[in-house]
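Worksheet: the structure to be examined is printed underneath.
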Amino acid sequence: MDGERLTLGKVLSAVGLVIIMLWTIFPLYWVFNMSIQTPIDVISYPPKFVFDPTLENYSVVLLGKSWLGKYETVQTDFPRYFLNSLIVCSGAVILSMLVGVPAAYSLARYNFRGKENFAFTLLSFRFAPGLIVIIPLFVIFRRIGFYGTYYGMIFAYQLLTLPFSVWLMRGFFEDIPPELEYAARIDGYSWWGVFRKIDLPLIAPGIAATGILSFIFAWNEFLFGYILSSDATRPVTPSLMGFISYEQVLWGQMAAAAIITLLPSVILAIFIQRYLVRGLTFGAVKG
Amino acid sequence: MSVESRSRQSFWSKNIAWLLFMPAFILTAGILIPFGYSVVMSFTDFNLTAGTSNFIGFGNYIKLAKDPEFWNALKVTILFTIGAVAIEVGAGFASAYLLNLGMRGQKIWRTLFLLPVMLPPAVAAIMWKLMMAPIQGVFNYLLQSVGLPGSQWLGGSSSALFSVILIDAYVFMPFAGMIFLAGVQNLPKEPYEAAAVDGVSSWFTFRRLTIPLLKPVILIVLLFRIMDCLKQFDIIYAATKGGPASATMTISVQAYYHSFRWTNMGYAFAHLVILWAIVYALSYFLVGQWRKAVSEVHGY
Amino acid sequence: MAEVRVEHVWKFYQGEKGAAQRVEAVKDATFTCNDKEFLCLLGPSGCGKTSTLRMIAGLETISQGDIYIGGKRVNDLLPKDRMLAMSFESYALYPPMTIYENIAFPLRARNWSEERIRERIKEVSELLEIQDILSFRPAKLSGGEQQRVSLARALVREDAQVTLMDEPISHLDAQLKARLRIDLKRVQREWGLTVIYVTHDQLEALSMADKVVVMNLGEIQQVGTPEDLYQKPANLFVAGFIGEPPMNFLPCSLMKDKDHFYLQFSQFRFEVNSDIAHMMSEENNQKNNWVLGIRPADIVIGSSVGESYSLKARVSSVEHLGESSVVTVDVDGQQMLIEVPGLSSEKEGSSVSVYFGKEKAHIFNALTGKVIRK
Amino acid sequence: MVNVELKNVVKKYGDLIAINNLSFKVNSGELMVLLGPPGAGKSSTLKTVAGVEEVTSGEILIDNELVNNFDPADRDVAMAFETYALYPHLSVFENIAFPLRAPKRSRLFSEEAVKEKVLEVARFLEIDMLLERKPKELSGGQRQRVALGRCLIRDPKVFLLDEPIAHLDAKLRYRLRQELKKWQQRKGVTTLYTTTDYLEAFSVADRIVILNKGTLQQVGSWEEIYNHPANTFVGMIVSDPPMNYFDGKLVMDGGKMLMRAKGISFYLPSLTEEKARQMNISEVVLGIFPSKILMSRDENFMPGSGTIVDGVAKFTELRGSRKIVFVQTPQDLSFTIQLPAEAKVQIGEKVRCFFGEDEVQIFDKQSKINLFWV
């Protein structure tokens, strides 16, 4: 039809897309670039786009030592932080799933007094400034000896993941028509039988997605870990600040640490793409 | 016998809703304790190092009202929110449009587009800090190589706020774009066909049909982004720590300094309670608007 | 108003694995809807009737062939330039607007005055009995109400040359359906509308249409008046699809005994006169694959009528349906339905003789489905 | 043998009353059809009997035992849902076998026995080719048959079938409704069956419950209902086209009671007259089914005791074996007549119609109740 105009529109759109993609990808590309540069390349000016890549920065960050022995390092215990993050995040996710699945089912299937109010209160925690919760926790934890312990951190992190999990899984349960449960109950199954044979298989992908998203949220959290952890229990995201505090130019290592930190989130996120929109918006938009 | 066992079952089934819900309730109620603690402590002169706390009524709040630092923080917070939300909504809408055109490789583009949302905001801030370095940073290099002057970026008192806004936009623009994209994809197809057959112009259709249909989605984006920006801490702290010279000092960051650097806990809590009140009132309003919009579109 | 001509129209979709996988939704469709005519596109789901309608509307591109509206080729016109009105099966209402605004939408886009809009909507909403729901939003309405609104939005347009309707009453309950069939037909006649109407319900097509186009698997099976379709089905598909209870089919072989030709079903013989037998032998079908079709209403139990065929059968069930009864009989393992006016006194398990007039029997080539007719 | 009884059952969803004080009894082994338009409360009734929804008030008895507080699993009923409610993660085979694998039954059936029973049911429903598929790979009609299969595989106290064959094509529907009835009779399982189609109800039911807006309208065999519809609503839904209604006044004419409508006057049969007198009513509605009106061109047409109405055929509708004629009288009375397809009627032609005394129903205008049942 309107061949000419259509092509122009297409060209403009393509240009727009390229700009967006550059905006998205370039920082990641650049930081990755820095992470495989030698200290000299990193601070060279003009910045280098072509250079001899090296894995030294990763070695320093992960193993705490330089293979070639010529890198300055700060004493960060990066693998330890990584492990801390794993423990705290997994703990929070497992806890949220254990109590979240029944709660979500209850919200989806039953009516009880104050249900919607309570559900909304849960959501509103998402909007509370983090510090208003963390500072008291810091004070209280110090007093009762929870400060810097895994238990204390898991408790704090589940405050982030549990409301989210309940909201999201409630939506997944509501996607299962109640008729399926009716049919199975008429077919002679107990409440537990119906839950196990019908609901669980159908919601399993939703639970997995919720778990992964919770894990990512916990992993990405900065403030909770920064304030409530001791050196021994510091999670990986706040630990990155360690590279900044020293006024040394350790950019290559910082870049390597940043890449390592964001890798788990990115990889996990790709697995659950289908649920991302729903998850990030607490189920308010079904993507 | 059978009747008895059945009636016992029905007792269980009557209370099952609460029994299932209780564990989660108890755990999340945990959030109320620190929350209440904050509110109570905002009426004291609680000092962490001295360990003293005396009730001083509205003392902290009166002090706040007279504190130019606080008013500056409030201004910075609002400017940050307006700037970031405007960019995220505008660019997000444009991105959603472009990603919905069905261009080749669409699936890959969409996946890549989403990557920044998955980054820990603090890490993203550090990444950008590296690139925004005034001397060795790649941004200034790129600007200068096309003949533009460089910028002090995070280091300049006039450019710092814009720089942190840019970082926030980097991380969260895809979030807005993705929700708009979902909204656009969920638009019913047939009303548009009906409008096409009825000979209604596309601008009329966009204005009278698309915008009202997308209203719930637009409100959701606003809700999440405004709330997040008002309380944003990670990005600003990791990028500038509030500097230079309070140029990016938001209420959250200020409260952090009052509490952990200057150990004025009571005063810090007063900051946070004010911030929380603003956030809560706004979210209450926006959620109400959102529910109204949803019911207009979907009828429930 | 204008006539619509569809000439050798094809619709194909490219399959996922390139050209070899081409899916043909509409194959070489040709028909004409005359000015002020009520034309039905009838067929089961997936037969291509909706694709055909959407090509006429311009909502889908025409893969091959031409469509003319009022003598003008419209292949390259956008939907808005074809001057059509359309009501959609899934209603296609505008969710954020009230019903009044929904119906007013196409008129507002034409800058009608509010007063003129109000009057026009009053007229249409009275016809469809939706005056009481004009202030509601679509989501609040039942399916039946939404469907009427969708119809109203199509009927409100005065400038439309052709009104297209995609299953406009299929989601209504039986009583409303019955009434709207009558109302729609009346409006079409009184307002002189040219209507192309898609439905899968043969009763709707039979009772409303001036002309019916029967489609199956993308191909037009027959074009004709409701009487034609019922009395002279062109093939097995049309015969089985039109009429309720459905036509009985008896598989037969063609036999010759001395000078007489007859169709043999099990132990029963149905003589066919020689010119029909001659036509049958011209078909590319040696002898076995024939089907004799007979409508349940054309069969009589117990007494012969004129020149008729007869069968011995056993009554397997009797259904009393108020003004008529349906008797199911078993003829050597083959079930046949017989529609009897009033109350049937047949007893289950009893043996009966059934008769049907020779002229009521339809003979089909089972291989091609084609009817054999003088 | 098991009977089912509902006593004053009320079911509310918030402010909406789905079932309004419903009482009826289903005898042992009986097939009771609940007939009514969408939203009449049919599904809600089945769900409360099944126990998946609690009654707001009232009692439900199965086998003379009050089951209000029983868990669905303990009521021993089998239900086919109108929405199918197939388990999406299970194959067709596993869907049908699901009830047999329930804890309380799994010991009774070996894997062999399960397979055998599933096959038997699947063959009966013509879905034995689909056993490996998942529900989402099936068409609507196939899904419906799987849902039915999951129900029929059991030997429960009660079958609850919610529009079990509504989404099948005509041929299968005609066959299956009779087969279903036979299956039910052979097993002797008391059955509640819902439909919106009066022909289907007449065909399968031992008795019929007619519902409208959650309220009972009439209970009875099809003859009772068809011969004497309890009120104008019933007359409307057990006929297509619906029963014709005319408003009239009762006047005394020489000691006899005469009903006068526009251009019709009509002496009431003595039984009706007596009731009208007892009730002291003067305004009535006369109802007559379209199929009960006789029509002729003969000036002297008077086939029995009744009244003659002269009118003009406004238009006709062919419906396969029937022809529907819309008649208008000079007094602006309009009604429909159902004739055999062969009947020759020209549009605009004068016709003489006969309303037989025995075919006319008289309803109280205020309560809409048939005087026969008063």
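To be explicit about the labels: the chains of the structure tokens are called A, B, and onward in the order shown, and within each one the residues are counted from 1, while ligands get numbers from 1 in the order they are shown.
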
Self-check item: Contact residues around C:Ser125 with only C-alpha atoms at 10 Å, ignoring same-chain residues under 6 positions, as a list in words
Solution: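 Once the adjacent positions are removed, what remains is Tyr100, Ile103, Glu119, Gln131, Asp132, Ile133, Leu134, Arg148, Val149, Leu151, Ala152, Arg153, Leu155 and Val156 of chain C.
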
Exercise. May I have the residues within 9 Å of stretch 94-101 of chain B as a list in words, using only C-alpha atoms and disregarding those fewer than 2 positions away in the same chain?
Key: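 These residues fall inside the cut-off: Ser13, Ala14, Gly16, Leu17 and Ile20 of chain A; Val89, Gly90, Ala91, Gly92, Met103, Gln106, Lys107, Trp109, Arg110, Phe113, Met173, Pro174, Ala176, Gly177, Met178, Ile179, Phe180, Leu181, Ala182, Val184 and Gln185 of chain B.
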
Using only C-alpha atoms, which residues of chain D come within 6 Å of chain A, and what is the closest atom pair for each, with the distance in Å to one decimal? Give it as JSON lines, sorted by chain and residue number.
{"residue": "D:Val52", "atom": "CA", "partner": "A:Tyr182", "partner_atom": "CA", "distance": 5.7}
{"residue": "D:Pro72", "atom": "CA", "partner": "A:Ile186", "partner_atom": "CA", "distance": 5.1}
{"residue": "D:Ala73", "atom": "CA", "partner": "A:Gly188", "partner_atom": "CA", "distance": 4.2}
{"residue": "D:Ala85", "atom": "CA", "partner": "A:Leu180", "partner_atom": "CA", "distance": 4.9}
{"residue": "D:Pro99", "atom": "CA", "partner": "A:Asp187", "partner_atom": "CA", "distance": 4.6}
{"residue": "D:Ala102", "atom": "CA", "partner": "A:Gly188", "partner_atom": "CA", "distance": 5.6}

Save the residues we just selected, N, CA and C atoms, as a PDB file, in the first residue's frame?
ATOM      1  N   VAL D  52     -20.240 -29.079  46.857  1.00  0.00           N
ATOM      2  CA  VAL D  52     -19.108 -28.184  46.642  1.00  0.00           C
ATOM      3  C   VAL D  52     -19.494 -26.750  46.951  1.00  0.00           C
ATOM      4  N   PRO D  72     -18.049 -33.296  50.141  1.00  0.00           N
ATOM      5  CA  PRO D  72     -18.430 -33.836  48.826  1.00  0.00           C
ATOM      6  C   PRO D  72     -17.981 -35.284  48.643  1.00  0.00           C
ATOM      7  N   ALA D  73     -16.790 -35.588  49.132  1.00  0.00           N
ATOM      8  CA  ALA D  73     -16.257 -36.937  48.941  1.00  0.00           C
ATOM      9  C   ALA D  73     -17.120 -37.988  49.646  1.00  0.00           C
ATOM     10  N   ALA D  85     -14.181 -28.834  33.728  1.00  0.00           N
ATOM     11  CA  ALA D  85     -13.306 -29.031  34.901  1.00  0.00           C
ATOM     12  C   ALA D  85     -12.369 -30.207  34.714  1.00  0.00           C
ATOM     13  N   PRO D  99     -11.279 -40.759  39.369  1.00  0.00           N
ATOM     14  CA  PRO D  99     -12.119 -41.133  40.514  1.00  0.00           C
ATOM     15  C   PRO D  99     -11.813 -42.537  41.026  1.00  0.00           C
ATOM     16  N   ALA D 102      -9.003 -42.641  43.608  1.00  0.00           N
ATOM     17  CA  ALA D 102      -9.194 -41.971  44.897  1.00  0.00           C
ATOM     18  C   ALA D 102      -8.895 -42.961  46.009  1.00  0.00           C
TER      19      ALA D 102
END

Quiz prompt | Nearest candidate to chain B (options A:Glu56, A:Asp175, A:Glu221, A:Asp41; using only C-alpha atoms) | solution = A:Glu221

Practice problem: Could the residues of chain D within 8 Å of chain C, counting only C-alpha atoms, be given as a ChimeraX atom specification, please? | Solution: /D:37-38,170-171,174,178,196-197,199,202-204,222-223,226,236-237,240-242,291,317-321

With chain C as the partner and 9 Å as the cut-off, tabulate the residues of chain B that qualify, each row holding the nearest pair of atoms and their distance in Å to one decimal, using only C-alpha atoms, sorted by chain and rising number, as CSV.
residue,atom,partner,partner_atom,distance
B:Pro188,CA,C:Ala92,CA,8.0
B:Lys189,CA,C:Ala92,CA,8.0
B:Glu190,CA,C:Ala92,CA,4.8
B:Pro191,CA,C:Ala92,CA,4.5
B:Tyr192,CA,C:Ala92,CA,8.0
B:Glu193,CA,C:Leu59,CA,6.8
B:Ala194,CA,C:Ala92,CA,6.5
B:Ala195,CA,C:Pro106,CA,7.3
B:Ala196,CA,C:Lys80,CA,5.3
B:Val197,CA,C:Pro79,CA,4.8
B:Asp198,CA,C:Pro106,CA,5.7
B:Gly199,CA,C:Lys80,CA,3.7
B:Val200,CA,C:Ala109,CA,5.6
B:Ser201,CA,C:Ala109,CA,7.4
B:Phe204,CA,C:Ala109,CA,7.2
B:Thr205,CA,C:Ala109,CA,9.0
B:Arg208,CA,C:Met97,CA,9.0
B:Leu209,CA,C:Tyr94,CA,7.0
B:Pro212,CA,C:Pro96,CA,6.1
B:Leu213,CA,C:Pro96,CA,6.2
B:Ala293,CA,C:Pro96,CA,8.6
B:Ser295,CA,C:Ala139,CA,8.6
B:Glu296,CA,C:Pro96,CA,5.6
B:Val297,CA,C:Pro96,CA,4.8
B:His298,CA,C:Ala139,CA,5.7
B:Gly299,CA,C:Ala139,CA,4.6
B:Tyr300,CA,C:Ala139,CA,7.8

Exercise. Name the residues in contact with stretch 179-189 of chain D at a cut-off of 7 Å, using only C-alpha atoms, excluding same-chain residues fewer than 2 positions from it; report them as a list in words.
Key: Gly29, Lys157, Val158, Phe159, Arg175, Leu176, Arg177, Thr191 and Val204 of chain D

File dump, residues just selected, C-alpha atoms, as an mmCIF file, in the first residue's frame:
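This went into again21.cif:
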data_model
loop_
_atom_site.group_PDB
_atom_site.id
_atom_site.type_symbol
_atom_site.label_atom_id
_atom_site.label_comp_id
_atom_site.auth_asym_id
_atom_site.auth_seq_id
_atom_site.Cartn_x
_atom_site.Cartn_y
_atom_site.Cartn_z
ATOM 1 C CA GLY D 29 -33.612 -44.432 39.768
ATOM 2 C CA LYS D 157 -25.583 -42.951 44.467
ATOM 3 C CA VAL D 158 -26.412 -39.992 42.242
ATOM 4 C CA PHE D 159 -25.312 -38.677 38.865
ATOM 5 C CA ARG D 175 -27.392 -40.502 19.496
ATOM 6 C CA LEU D 176 -25.868 -39.797 22.879
ATOM 7 C CA ARG D 177 -28.942 -38.460 24.583
ATOM 8 C CA THR D 191 -29.855 -38.619 38.131
ATOM 9 C CA VAL D 204 -34.368 -37.840 28.292
#

Counting only C-alpha atoms, which residues in chain D sit no more than 9 Å from chain B? For each one, give the nearest pair of atoms and the distance in Å, sorted by chain then residue number, as a tab-separated table.
residue	atom	partner	partner_atom	distance
D:Asn69	CA	B:Ser7	CA	6.8
D:Phe70	CA	B:Arg6	CA	6.3
D:Asp71	CA	B:Arg6	CA	7.3
D:Asp74	CA	B:Arg6	CA	8.5

For the selection just defined, write its residues with N, CA, C and O atoms to a file, as a compact mmCIF listing (two decimals), in the first residue's frame.
# COMPACT_ATOMS: atom_id res chain seq x y z
N ASN D 69 -24.02 -31.34 56.00
CA ASN D 69 -22.69 -31.17 56.55
C ASN D 69 -21.68 -32.17 56.01
O ASN D 69 -20.58 -32.27 56.51
N PHE D 70 -22.09 -32.95 55.02
CA PHE D 70 -21.17 -33.95 54.49
C PHE D 70 -20.19 -33.30 53.53
O PHE D 70 -20.51 -32.40 52.78
N ASP D 71 -18.98 -33.82 53.59
CA ASP D 71 -17.97 -33.44 52.61
C ASP D 71 -18.39 -34.00 51.25
O ASP D 71 -19.03 -35.05 51.20
N ASP D 74 -17.83 -37.57 50.69
CA ASP D 74 -18.65 -38.52 51.45
C ASP D 74 -20.09 -38.62 50.96
O ASP D 74 -20.87 -39.38 51.49

Contact check, chain A to chain B, at most 6 Å, counting only C-alpha atoms, closest pairs as a tab-separated table:
residue	atom	partner	partner_atom	distance
A:Tyr45	CA	B:Gln136	CA	5.9
A:Val99	CA	B:Ala24	CA	5.2
A:Pro102	CA	B:Leu20	CA	5.1
A:Ala103	CA	B:Phe21	CA	4.2
A:Ser106	CA	B:Ala17	CA	5.1
A:Tyr110	CA	B:Ala17	CA	5.9
A:Phe127	CA	B:Met227	CA	5.9
A:Pro129	CA	B:Lys231	CA	5.2
A:Ile132	CA	B:Leu272	CA	5.9
A:Val133	CA	B:Pro34	CA	5.3
A:Pro136	CA	B:Pro34	CA	5.0
A:Leu137	CA	B:Pro34	CA	5.9
A:Asn220	CA	B:Pro120	CA	4.1
A:Ala258	CA	B:Val123	CA	5.9
A:Leu262	CA	B:Leu119	CA	5.6
A:Ser265	CA	B:Met118	CA	5.9
A:Val266	CA	B:Met118	CA	5.8
A:Gly287	CA	B:Ala182	CA	5.0

Exercise. Find the residues in chain C near chain A: any atom within 12 Å counts, using only C-alpha atoms. Write them as a PyMOL selection string.
Key: chain C and resi 61+75-78

Exercise. May I ask which of the residues D:Val114, D:Leu339, D:Ala261, D:Val374 is the closest one to D:Leu294, counting only C-alpha atoms?
Key: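 Closest residue, counting only C-alpha atoms: D:Leu339.
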
Practice problem: Report the distance between atom CA of A:Tyr151 and atom CA of A:Phe215 in Å, rounded to one decimal place. | Solution: 16.6 Å

Practice problem: Find the spatial neighbours of A:Thr161, counting only C-alpha atoms, within a cut-off of 7 Å - ignore same-chain residues fewer than 3 positions away - and output them as a list in words. | Solution: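 Counting only the stated atoms, we get Ala92, Val93, Ser96, Tyr157, Gln158, Phe164, Ser165 and Ser214 of chain A.
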
Suppose we keep N, CA and C atoms; can you now write the selection as a compact mmCIF listing (two decimals), in the first residue's frame?
# COMPACT_ATOMS: atom_id res chain seq x y z
N ALA A 92 15.86 -17.46 53.38
CA ALA A 92 14.68 -16.60 53.33
C ALA A 92 13.65 -17.16 52.33
N VAL A 93 14.15 -17.66 51.19
CA VAL A 93 13.22 -18.17 50.18
C VAL A 93 12.52 -19.43 50.69
N SER A 96 9.96 -18.49 53.19
CA SER A 96 8.79 -17.85 52.58
C SER A 96 7.91 -18.84 51.85
N TYR A 157 15.47 -10.80 55.84
CA TYR A 157 15.27 -10.97 54.40
C TYR A 157 13.89 -11.53 54.09
N GLN A 158 13.38 -12.41 54.96
CA GLN A 158 12.05 -12.96 54.66
C GLN A 158 10.98 -11.88 54.79
N PHE A 164 5.84 -10.68 49.24
CA PHE A 164 5.90 -10.81 47.79
C PHE A 164 5.44 -12.20 47.34
N SER A 165 5.96 -13.24 47.99
CA SER A 165 5.62 -14.60 47.59
C SER A 165 4.13 -14.86 47.76
N SER A 214 11.99 -14.38 44.31
CA SER A 214 12.29 -14.00 45.70
C SER A 214 13.79 -14.04 45.92
